[in-house]
>>> print(open('input-v9.txt').read())   # compact mmCIF, C-alpha atoms and all ligand atoms
# COMPACT_ATOMS: atom_id res chain seq x y z
CA MET A 1 0.00 0.00 0.00
CA LEU A 2 2.79 2.37 1.06
CA THR A 3 4.80 1.37 -2.05
CA LEU A 4 1.79 2.15 -4.25
CA TRP A 5 1.40 5.55 -2.62
CA VAL A 6 5.10 6.38 -3.07
CA LYS A 7 4.96 5.27 -6.75
CA SER A 8 1.90 7.47 -7.43
CA LEU A 9 3.65 10.40 -5.78
CA ASN A 10 6.74 9.83 -7.98
CA LEU A 11 4.59 9.78 -11.10
CA LEU A 12 2.83 12.96 -10.07
CA THR A 13 6.16 14.66 -9.42
CA ARG A 14 7.43 13.62 -12.86
CA LEU A 15 4.32 15.00 -14.56
CA LYS A 16 4.63 18.32 -12.78
CA PHE A 17 3.79 21.51 -14.66
CA ALA A 18 6.54 23.86 -15.86
CA ASN A 19 5.58 27.34 -17.10
CA GLY A 20 1.98 26.22 -17.33
CA GLU A 21 2.87 23.34 -19.67
CA ARG A 22 2.78 19.68 -18.80
CA MET A 23 6.36 18.39 -18.88
CA LYS A 24 7.08 15.54 -21.27
CA LYS A 25 7.86 12.37 -19.36
CA THR A 26 10.51 10.60 -21.43
CA VAL A 27 12.65 11.17 -24.52
CA ASN A 28 12.52 8.64 -27.40
CA VAL A 29 15.91 6.99 -27.87
CA ALA A 30 17.19 5.02 -30.88
CA VAL A 31 20.33 2.91 -30.52
CA LEU A 32 22.55 2.29 -33.56
CA VAL A 33 24.66 -0.87 -33.47
CA SER A 34 26.90 -3.02 -35.67
CA GLY A 35 28.05 -5.94 -33.53
CA GLY A 36 27.74 -7.78 -30.25
CA GLY A 37 25.75 -5.09 -28.50
CA THR A 38 27.13 -5.33 -24.95
CA ASN A 39 26.74 -1.56 -24.62
CA LEU A 40 23.14 -1.85 -25.80
CA GLN A 41 22.72 -4.58 -23.15
CA ALA A 42 24.07 -2.21 -20.51
CA ILE A 43 21.37 0.30 -21.50
CA ILE A 44 18.71 -2.43 -21.43
CA ASP A 45 19.84 -3.54 -17.94
CA PHE A 46 19.99 0.07 -16.72
CA THR A 47 16.40 0.51 -17.97
CA ALA A 48 15.25 -2.74 -16.33
CA ALA A 49 16.73 -1.54 -13.04
CA GLY A 50 14.54 1.57 -13.31
CA ASN A 51 17.47 3.93 -13.80
CA LEU A 52 16.63 5.33 -17.25
CA GLU A 53 14.04 7.71 -15.88
CA SER A 54 14.17 10.35 -18.61
CA GLY A 55 14.46 8.20 -21.75
CA LYS A 56 12.96 5.16 -23.44
CA VAL A 57 14.69 3.01 -26.06
CA VAL A 58 12.13 2.77 -28.85
CA LYS A 59 14.22 1.22 -31.65
CA VAL A 60 17.54 -0.51 -32.32
CA ILE A 61 18.95 -0.05 -35.83
CA SER A 62 21.81 -2.14 -37.19
CA ASN A 63 23.84 -1.79 -40.37
CA LYS A 64 24.56 -5.53 -40.19
CA GLN A 65 21.85 -8.13 -40.63
CA ASP A 66 23.61 -10.65 -38.35
CA ALA A 67 24.56 -8.33 -35.47
CA TYR A 68 23.92 -10.12 -32.16
CA ALA A 69 22.78 -6.75 -30.82
CA LEU A 70 19.52 -7.28 -32.78
CA GLN A 71 18.86 -10.44 -30.77
CA ARG A 72 19.47 -8.57 -27.52
CA ALA A 73 16.93 -5.94 -28.62
CA GLN A 74 14.35 -8.57 -29.54
CA ASN A 75 14.87 -10.30 -26.18
CA ALA A 76 14.04 -7.00 -24.52
CA GLU A 77 11.01 -6.52 -26.81
CA ILE A 78 12.50 -3.47 -28.53
CA GLU A 79 11.63 -2.85 -32.19
CA THR A 80 14.53 -3.48 -34.60
CA ALA A 81 15.48 -2.39 -38.10
CA VAL A 82 18.37 -3.11 -40.45
CA VAL A 83 19.79 -0.50 -42.84
CA ILE A 84 22.59 -1.89 -45.01
CA LYS A 85 25.30 0.42 -46.35
CA LYS A 86 26.58 -1.89 -49.10
CA GLY A 87 25.65 -0.78 -52.61
CA LYS A 88 24.37 2.61 -51.44
CA THR A 89 25.88 6.08 -51.50
CA GLN A 90 26.47 7.72 -48.11
CA GLN A 91 23.44 9.92 -48.75
CA GLU A 92 21.18 6.97 -49.60
CA PHE A 93 22.40 5.09 -46.52
CA GLU A 94 21.71 8.06 -44.27
CA GLN A 95 18.27 8.61 -45.86
CA GLY A 96 17.50 5.01 -44.86
CA LEU A 97 18.61 5.73 -41.28
CA ILE A 98 16.61 8.97 -41.16
CA ALA A 99 13.47 7.17 -42.37
CA GLU A 100 13.80 4.65 -39.51
CA LEU A 101 14.56 7.39 -36.96
CA GLU A 102 11.59 9.49 -38.04
CA ALA A 103 9.25 6.51 -38.02
CA CYS A 104 9.88 6.09 -34.27
CA ASN A 105 10.13 9.83 -33.48
CA ALA A 106 13.67 9.39 -32.18
CA GLU A 107 14.90 12.41 -30.24
CA VAL A 108 18.25 11.01 -29.10
CA ILE A 109 20.52 8.64 -31.02
CA VAL A 110 23.07 6.45 -29.26
CA LEU A 111 25.98 5.05 -31.25
CA ALA A 112 26.76 1.87 -29.33
CA GLY A 113 29.48 0.15 -31.32
CA PHE A 114 28.11 1.58 -34.59
CA MET A 115 30.99 1.21 -37.02
CA CYS A 116 29.94 3.69 -39.71
CA ILE A 117 31.09 7.26 -40.22
CA LEU A 118 28.24 9.78 -40.44
CA SER A 119 28.31 12.85 -42.69
CA LYS A 120 28.19 16.48 -41.55
CA ASP A 121 24.66 16.73 -43.01
CA PHE A 122 23.55 13.92 -40.72
CA THR A 123 25.33 15.14 -37.58
CA ASP A 124 24.08 18.72 -38.16
CA ARG A 125 20.52 17.45 -38.50
CA TYR A 126 20.77 15.87 -35.04
CA LYS A 127 23.03 18.45 -33.38
CA ASP A 128 23.50 17.70 -29.64
CA ARG A 129 21.23 14.68 -30.06
CA ILE A 130 23.77 11.97 -30.99
CA ILE A 131 26.06 10.40 -28.39
CA ASN A 132 28.85 7.88 -28.94
CA VAL A 133 30.89 5.62 -26.68
CA HIS A 134 34.57 5.32 -27.54
CA PRO A 135 36.95 2.87 -25.82
CA SER A 136 39.76 5.28 -24.89
CA LEU A 137 40.30 8.52 -23.02
CA ILE A 138 39.78 11.02 -25.85
CA PRO A 139 41.92 12.72 -27.25
CA SER A 140 44.13 9.61 -27.09
CA PHE A 141 43.67 6.79 -29.60
CA CYS A 142 40.66 8.23 -31.38
CA GLY A 143 39.58 9.51 -34.78
CA GLU A 144 39.38 7.73 -38.10
CA GLY A 145 40.78 4.18 -38.04
CA PHE A 146 40.54 3.86 -34.25
CA TYR A 147 37.69 1.52 -33.45
CA GLY A 148 37.10 -1.69 -31.51
CA LEU A 149 40.18 -3.77 -30.75
CA LYS A 150 42.46 -1.44 -32.76
CA VAL A 151 42.11 1.17 -30.01
CA HIS A 152 43.40 -1.22 -27.36
CA GLU A 153 46.21 -2.49 -29.62
CA ALA A 154 47.37 1.13 -30.04
CA ALA A 155 47.14 1.84 -26.30
CA LEU A 156 49.25 -1.25 -25.49
CA ALA A 157 51.77 -0.44 -28.27
CA LYS A 158 52.22 3.03 -26.78
CA GLY A 159 52.68 1.55 -23.32
CA VAL A 160 50.12 3.75 -21.55
CA LYS A 161 49.49 2.81 -17.93
CA VAL A 162 45.97 4.21 -17.84
CA THR A 163 43.28 4.07 -20.51
CA GLY A 164 39.50 4.16 -20.28
CA ALA A 165 36.36 5.16 -22.12
CA THR A 166 34.66 8.36 -23.24
CA VAL A 167 31.07 9.26 -24.06
CA HIS A 168 30.77 12.34 -26.25
CA PHE A 169 28.38 14.21 -28.50
CA VAL A 170 28.86 13.42 -32.17
CA ASN A 171 29.74 16.09 -34.72
CA GLU A 172 31.32 15.90 -38.18
CA ILE A 173 34.79 15.17 -36.76
CA PRO A 174 35.23 11.48 -35.84
CA ASP A 175 35.36 11.33 -32.00
CA GLY A 176 35.62 15.14 -32.02
CA GLY A 177 32.40 16.28 -30.28
CA LYS A 178 32.01 17.65 -26.77
CA ILE A 179 32.87 15.17 -24.02
CA ILE A 180 30.02 14.14 -21.67
CA MET A 181 31.71 11.58 -19.38
CA GLN A 182 35.02 9.73 -19.06
CA LYS A 183 36.22 6.91 -16.84
CA ALA A 184 39.81 5.75 -16.42
CA VAL A 185 40.90 2.09 -16.30
CA LYS A 186 44.36 0.84 -15.26
CA VAL A 187 46.39 -1.14 -17.79
CA LYS A 188 47.88 -4.35 -16.36
CA GLU A 189 51.31 -5.66 -17.35
CA LYS A 190 49.93 -8.88 -18.80
CA ASP A 191 47.08 -7.26 -20.72
CA THR A 192 46.38 -8.31 -24.29
CA PRO A 193 44.13 -6.17 -26.52
CA GLU A 194 41.31 -8.60 -25.71
CA THR A 195 41.69 -8.53 -21.90
CA LEU A 196 42.03 -4.76 -21.94
CA GLN A 197 38.96 -4.35 -24.17
CA LYS A 198 36.91 -6.50 -21.80
CA ARG A 199 38.01 -4.57 -18.69
CA VAL A 200 37.43 -1.17 -20.33
CA MET A 201 33.92 -2.31 -21.23
CA GLN A 202 33.13 -3.72 -17.78
CA GLU A 203 34.69 -0.96 -15.71
CA ALA A 204 33.98 2.04 -17.91
CA GLU A 205 31.79 1.79 -21.04
CA TRP A 206 28.87 -0.14 -19.52
CA LYS A 207 28.75 2.41 -16.68
CA ILE A 208 29.23 5.76 -18.38
CA LEU A 209 27.13 5.09 -21.49
CA PRO A 210 23.80 4.50 -19.68
CA ALA A 211 24.59 7.25 -17.15
CA SER A 212 25.36 9.73 -19.96
CA LEU A 213 22.18 8.76 -21.78
CA GLU A 214 20.11 9.48 -18.68
CA LEU A 215 21.91 12.80 -18.21
CA VAL A 216 21.35 13.91 -21.82
CA CYS A 217 17.66 12.89 -21.78
CA LYS A 218 17.16 14.65 -18.44
CA ASN A 219 18.74 17.83 -19.80
CA ILE A 220 16.52 17.69 -22.89
CA LEU A 221 13.42 17.39 -20.70
CA LYS A 222 14.63 20.32 -18.60
CA GLY A 223 15.11 22.37 -21.80
CA GLU A 224 18.85 22.67 -21.16
CA ILE A 225 19.59 20.97 -24.50
CA LYS A 226 17.54 22.47 -27.33
C1 LIG B 301 32.83 -1.00 -27.83
O1 LIG B 301 34.04 -1.23 -27.19
C2 LIG B 301 32.75 0.44 -28.30
O2 LIG B 301 33.32 1.34 -27.42
C3 LIG B 301 33.52 0.36 -29.58
O3 LIG B 301 33.12 -0.87 -30.17
C4 LIG B 301 32.76 -1.79 -29.14
C5 LIG B 301 31.36 -2.31 -29.42
O4 LIG B 301 31.01 -3.33 -28.54
N1 LIG B 301 33.25 1.49 -30.41
C6 LIG B 301 34.19 2.10 -31.15
O5 LIG B 301 35.33 1.73 -31.20
C7 LIG B 301 33.71 3.34 -31.89
N2 LIG B 301 34.81 4.14 -32.29
P1 LIG B 301 29.50 -3.75 -28.29
O6 LIG B 301 28.86 -4.02 -29.66
O7 LIG B 301 29.61 -5.02 -27.50
O8 LIG B 301 28.82 -2.66 -27.55
>>> encode(input="input-v9.txt", output="structure tokens", more="lines below")
Ligand code: GAR
Amino acid sequence: MLTLWVKSLNLLTRLKFANGERMKKTVNVAVLVSGGGTNLQAIIDFTAAGNLESGKVVKVISNKQDAYALQRAQNAEIETAVVIKKGKTQQEFEQGLIAELEACNAEVIVLAGFMCILSKDFTDRYKDRIINVHPSLIPSFCGEGFYGLKVHEAALAKGVKVTGATVHFVNEIPDGGKIIMQKAVKVKEKDTPETLQKRVMQEAEWKILPASLELVCKNILKGEIK
């Protein structure tokens, strides 16, 4: 009974009026993926734990038909779509993405292991609405050619003692947009690219990506991001 009362009170608080207008409750989020989707899973788990208060994942879009991330989305009963790049111009590919994003009224786009470069036209269209997770402490080991395991290979080759992950807004410069959150991870002497990748995911990416998503959605609802 008490729980029910507290829940109703929470709901009422979240629907409170601002400047005479009813505040929108959640922001529609689309997640773009290409592979295994462990970062998508982190967002799904964060949502299931009741922590994504300001956003709702409404669609997962993959550029690869066989991405395991699609299975993760289906398991969580999230709508999926596939937009293939092969045989299309960049503009045609992005028109396909835009059609899927508009069909679900996406307001925020998360790049969660999405291995495609997006044009300036696309990033301008969704200015301050696209976030990306990158597996290093930007500005180290980032930009064109630095993705997935290659990032960790470069970090180990350089001999850095600390690496980590970054979540940032996406603009036309690969990994060049404003930083939202970063988390450092220690490199161990016996690390291989694979062990380092796993630890950076567990200790950094899976934490800061969902937390950044909640922050961005909350700021959109508050009108702090236009
Ligand atoms: C993650 O490590 C992500 O940071 C990286 O790809 C992996 C995707 O894993 N992204 C990039 O390198 C982008 N530059 P996931 O599919 O299991 O989330």
>>> residues_around(input="input-v9.txt", residues="range 195-205 of chain A", least_positions_apart="4", cutoff="7 Å", atoms="only C-alpha atoms", output="PDB file with C-alpha atoms, keeping the file's coordinate frame")
ATOM      1  CA  VAL A 133      30.890   5.620 -26.680  1.00  0.00           C
ATOM      2  CA  PRO A 135      36.950   2.870 -25.820  1.00  0.00           C
ATOM      3  CA  LEU A 149      40.180  -3.770 -30.750  1.00  0.00           C
ATOM      4  CA  HIS A 152      43.400  -1.220 -27.360  1.00  0.00           C
ATOM      5  CA  GLY A 164      39.500   4.160 -20.280  1.00  0.00           C
ATOM      6  CA  ALA A 165      36.360   5.160 -22.120  1.00  0.00           C
ATOM      7  CA  LYS A 183      36.220   6.910 -16.840  1.00  0.00           C
ATOM      8  CA  VAL A 185      40.900   2.090 -16.300  1.00  0.00           C
ATOM      9  CA  ASP A 191      47.080  -7.260 -20.720  1.00  0.00           C
ATOM     10  CA  LEU A 209      27.130   5.090 -21.490  1.00  0.00           C
TER      11      LEU A 209
END
>>> axis_aligned_box(input="input-v9.txt", around="ligand LIG 301 (chain B)", padding_each_side="3 Å", output="AutoDock Vina command-line options")
--center_x 32.1 --center_y -0.4 --center_z -29.7 --size_x 12.5 --size_y 15.2 --size_z 11.1
>>> atom_distance(input="input-v9.txt", atom1="CA of Thr192 in chain A", atom2="CA of Arg72 in chain A")
27.1 Å
>>> residues_near_ligand(input="input-v9.txt", ligand="ligand LIG 301 (chain B)", cutoff="8 Å", atoms="all atoms listed in the file", output="ChimeraX atom specification")
/A:33-41,69,111-115,132-136,142-143,146-151,165,175,197,200-201,205
>>> closest_residue(input="input-v9.txt", among="A:Ile43, A:Lys88, A:Val170, A:Leu101", to="Ala76 in chain A", atoms="all atoms listed in the file")
A:Ile43
>>> atom_distance(input="input-v9.txt", atom1="CA of Gly223 in chain A", atom2="CA of Ile98 in chain A")
23.6 Å
>>> closest_residue(input="input-v9.txt", among="A:Ala67, A:Ala99, A:Val57, A:Val108", to="Cys217 in chain A", atoms="all atoms listed in the file")
A:Val108
>>> closest_residue(input="input-v9.txt", among="A:Lys222, A:Lys64, A:Arg129, A:Lys158", to="Val29 in chain A", atoms="only C-alpha atoms")
A:Arg129
>>> closest_residue(input="input-v9.txt", among="A:Tyr126, A:Asn28, A:Gln91, A:Pro139", to="Cys104 in chain A", atoms="only C-alpha atoms")
A:Asn28
>>> atom_distance(input="input-v9.txt", atom1="CA of Asn105 in chain A", atom2="CA of Ser212 in chain A")
20.4 Å
>>> closest_residue(input="input-v9.txt", among="A:Ser54, A:Thr123, A:Ser140, A:Thr89", to="Leu213 in chain A", atoms="all atoms listed in the file")
A:Ser54
>>> closest_residue(input="input-v9.txt", among="A:Pro210, A:Gly96, A:Gly176, A:Gly87", to="Ile61 in chain A", atoms="only C-alpha atoms")
A:Gly96
>>> residues_near_point(input="input-v9.txt", point="(12.7, 16.5, -26.3)", cutoff="8 Å", atoms="only C-alpha atoms", output="PDB file with C-alpha atoms, in the frame of the given file")
ATOM      1  CA  LYS A  24       7.080  15.540 -21.270  1.00  0.00           C
ATOM      2  CA  THR A  26      10.510  10.600 -21.430  1.00  0.00           C
ATOM      3  CA  VAL A  27      12.650  11.170 -24.520  1.00  0.00           C
ATOM      4  CA  ASN A  28      12.520   8.640 -27.400  1.00  0.00           C
ATOM      5  CA  GLU A 107      14.900  12.410 -30.240  1.00  0.00           C
ATOM      6  CA  CYS A 217      17.660  12.890 -21.780  1.00  0.00           C
ATOM      7  CA  ILE A 220      16.520  17.690 -22.890  1.00  0.00           C
ATOM      8  CA  LEU A 221      13.420  17.390 -20.700  1.00  0.00           C
ATOM      9  CA  GLY A 223      15.110  22.370 -21.800  1.00  0.00           C
ATOM     10  CA  LYS A 226      17.540  22.470 -27.330  1.00  0.00           C
TER      11      LYS A 226
END
>>> residues_near_point(input="input-v9.txt", point="(18.4, 3.4, -44.5)", cutoff="6 Å", atoms="all atoms listed in the file", output="list in words")
Val83, Phe93, Glu94, Gln95, Gly96 and Leu97 of chain A
>>> residues_around(input="input-v9.txt", residues="Val31 in chain A", least_positions_apart="6", cutoff="6 Å", atoms="all atoms listed in the file", output="PyMOL selection string")
chain A and resi 60+109-110
>>> write_last_selection(input="input-v9.txt", atoms="C-alpha atoms", output="PDB file, in the frame of the given file")
ATOM      1  CA  VAL A  60      17.540  -0.510 -32.320  1.00  0.00           C
ATOM      2  CA  ILE A 109      20.520   8.640 -31.020  1.00  0.00           C
ATOM      3  CA  VAL A 110      23.070   6.450 -29.260  1.00  0.00           C
TER       4      VAL A 110
END
>>> decode(input="input-v9.txt", residues="range 45-57 of chain A", atoms="all heavy atoms", output="tab-separated table (two decimals), in the first residue's frame")
chain	number	residue	atom	x	y	z
A	45	ASP	N	19.80	-3.18	-19.37
A	45	ASP	CA	19.84	-3.54	-17.94
A	45	ASP	C	19.60	-2.32	-17.05
A	45	ASP	O	18.93	-2.40	-16.03
A	45	ASP	CB	21.21	-4.17	-17.60
A	45	ASP	CG	21.40	-5.51	-18.31
A	45	ASP	OD1	20.41	-6.06	-18.83
A	45	ASP	OD2	22.55	-5.99	-18.37
A	46	PHE	N	20.16	-1.19	-17.45
A	46	PHE	CA	19.99	0.07	-16.72
A	46	PHE	C	18.49	0.45	-16.70
A	46	PHE	O	17.95	0.89	-15.69
A	46	PHE	CB	20.81	1.13	-17.46
A	46	PHE	CG	20.98	2.46	-16.79
A	46	PHE	CD1	21.90	2.64	-15.76
A	46	PHE	CD2	20.25	3.57	-17.21
A	46	PHE	CE1	22.09	3.90	-15.17
A	46	PHE	CE2	20.43	4.82	-16.64
A	46	PHE	CZ	21.36	4.98	-15.61
A	47	THR	N	17.85	0.22	-17.85
A	47	THR	CA	16.40	0.51	-17.97
A	47	THR	C	15.62	-0.45	-17.06
A	47	THR	O	14.73	-0.02	-16.31
A	47	THR	CB	15.94	0.33	-19.44
A	47	THR	OG1	16.75	1.15	-20.26
A	47	THR	CG2	14.48	0.69	-19.60
A	48	ALA	N	15.97	-1.73	-17.13
A	48	ALA	CA	15.25	-2.74	-16.33
A	48	ALA	C	15.39	-2.47	-14.84
A	48	ALA	O	14.48	-2.76	-14.06
A	48	ALA	CB	15.77	-4.14	-16.67
A	49	ALA	N	16.51	-1.87	-14.46
A	49	ALA	CA	16.73	-1.54	-13.04
A	49	ALA	C	16.01	-0.24	-12.65
A	49	ALA	O	16.09	0.20	-11.50
A	49	ALA	CB	18.23	-1.42	-12.77
A	50	GLY	N	15.31	0.36	-13.60
A	50	GLY	CA	14.54	1.57	-13.31
A	50	GLY	C	15.38	2.84	-13.29
A	50	GLY	O	14.94	3.88	-12.79
A	51	ASN	N	16.58	2.76	-13.88
A	51	ASN	CA	17.47	3.93	-13.80
A	51	ASN	C	17.39	4.87	-15.01
A	51	ASN	O	17.89	5.99	-14.93
A	51	ASN	CB	18.92	3.46	-13.63
A	51	ASN	CG	19.11	2.79	-12.29
A	51	ASN	OD1	18.49	3.20	-11.31
A	51	ASN	ND2	19.92	1.76	-12.24
A	52	LEU	N	16.79	4.41	-16.11
A	52	LEU	CA	16.63	5.33	-17.25
A	52	LEU	C	15.29	6.03	-17.08
A	52	LEU	O	14.28	5.65	-17.66
A	52	LEU	CB	16.72	4.58	-18.58
A	52	LEU	CG	16.82	5.46	-19.83
A	52	LEU	CD1	18.09	6.31	-19.82
A	52	LEU	CD2	16.77	4.64	-21.11
A	53	GLU	N	15.30	7.05	-16.24
A	53	GLU	CA	14.04	7.71	-15.88
A	53	GLU	C	13.57	8.69	-16.95
A	53	GLU	O	12.39	8.96	-17.07
A	53	GLU	CB	14.22	8.47	-14.57
A	53	GLU	CG	14.44	7.54	-13.39
A	53	GLU	CD	14.41	8.29	-12.08
A	53	GLU	OE1	14.59	9.53	-12.09
A	53	GLU	OE2	14.23	7.63	-11.05
A	54	SER	N	14.52	9.26	-17.69
A	54	SER	CA	14.17	10.35	-18.61
A	54	SER	C	14.13	9.92	-20.06
A	54	SER	O	13.84	10.73	-20.93
A	54	SER	CB	15.18	11.49	-18.45
A	54	SER	OG	15.39	11.78	-17.09
A	55	GLY	N	14.44	8.66	-20.35
A	55	GLY	CA	14.46	8.20	-21.75
A	55	GLY	C	13.82	6.84	-21.89
A	55	GLY	O	13.61	6.12	-20.90
A	56	LYS	N	13.51	6.49	-23.16
A	56	LYS	CA	12.96	5.16	-23.44
A	56	LYS	C	13.53	4.70	-24.78
A	56	LYS	O	13.44	5.45	-25.77
A	56	LYS	CB	11.43	5.25	-23.53
A	56	LYS	CG	10.74	3.92	-23.77
A	56	LYS	CD	9.24	4.11	-23.77
A	56	LYS	CE	8.40	2.88	-23.77
A	56	LYS	NZ	8.77	1.73	-24.49
A	57	VAL	N	14.15	3.53	-24.80
A	57	VAL	CA	14.69	3.01	-26.06
A	57	VAL	C	13.52	2.49	-26.90
A	57	VAL	O	12.84	1.54	-26.50
A	57	VAL	CB	15.75	1.92	-25.82
A	57	VAL	CG1	16.27	1.39	-27.16
A	57	VAL	CG2	16.90	2.44	-24.98
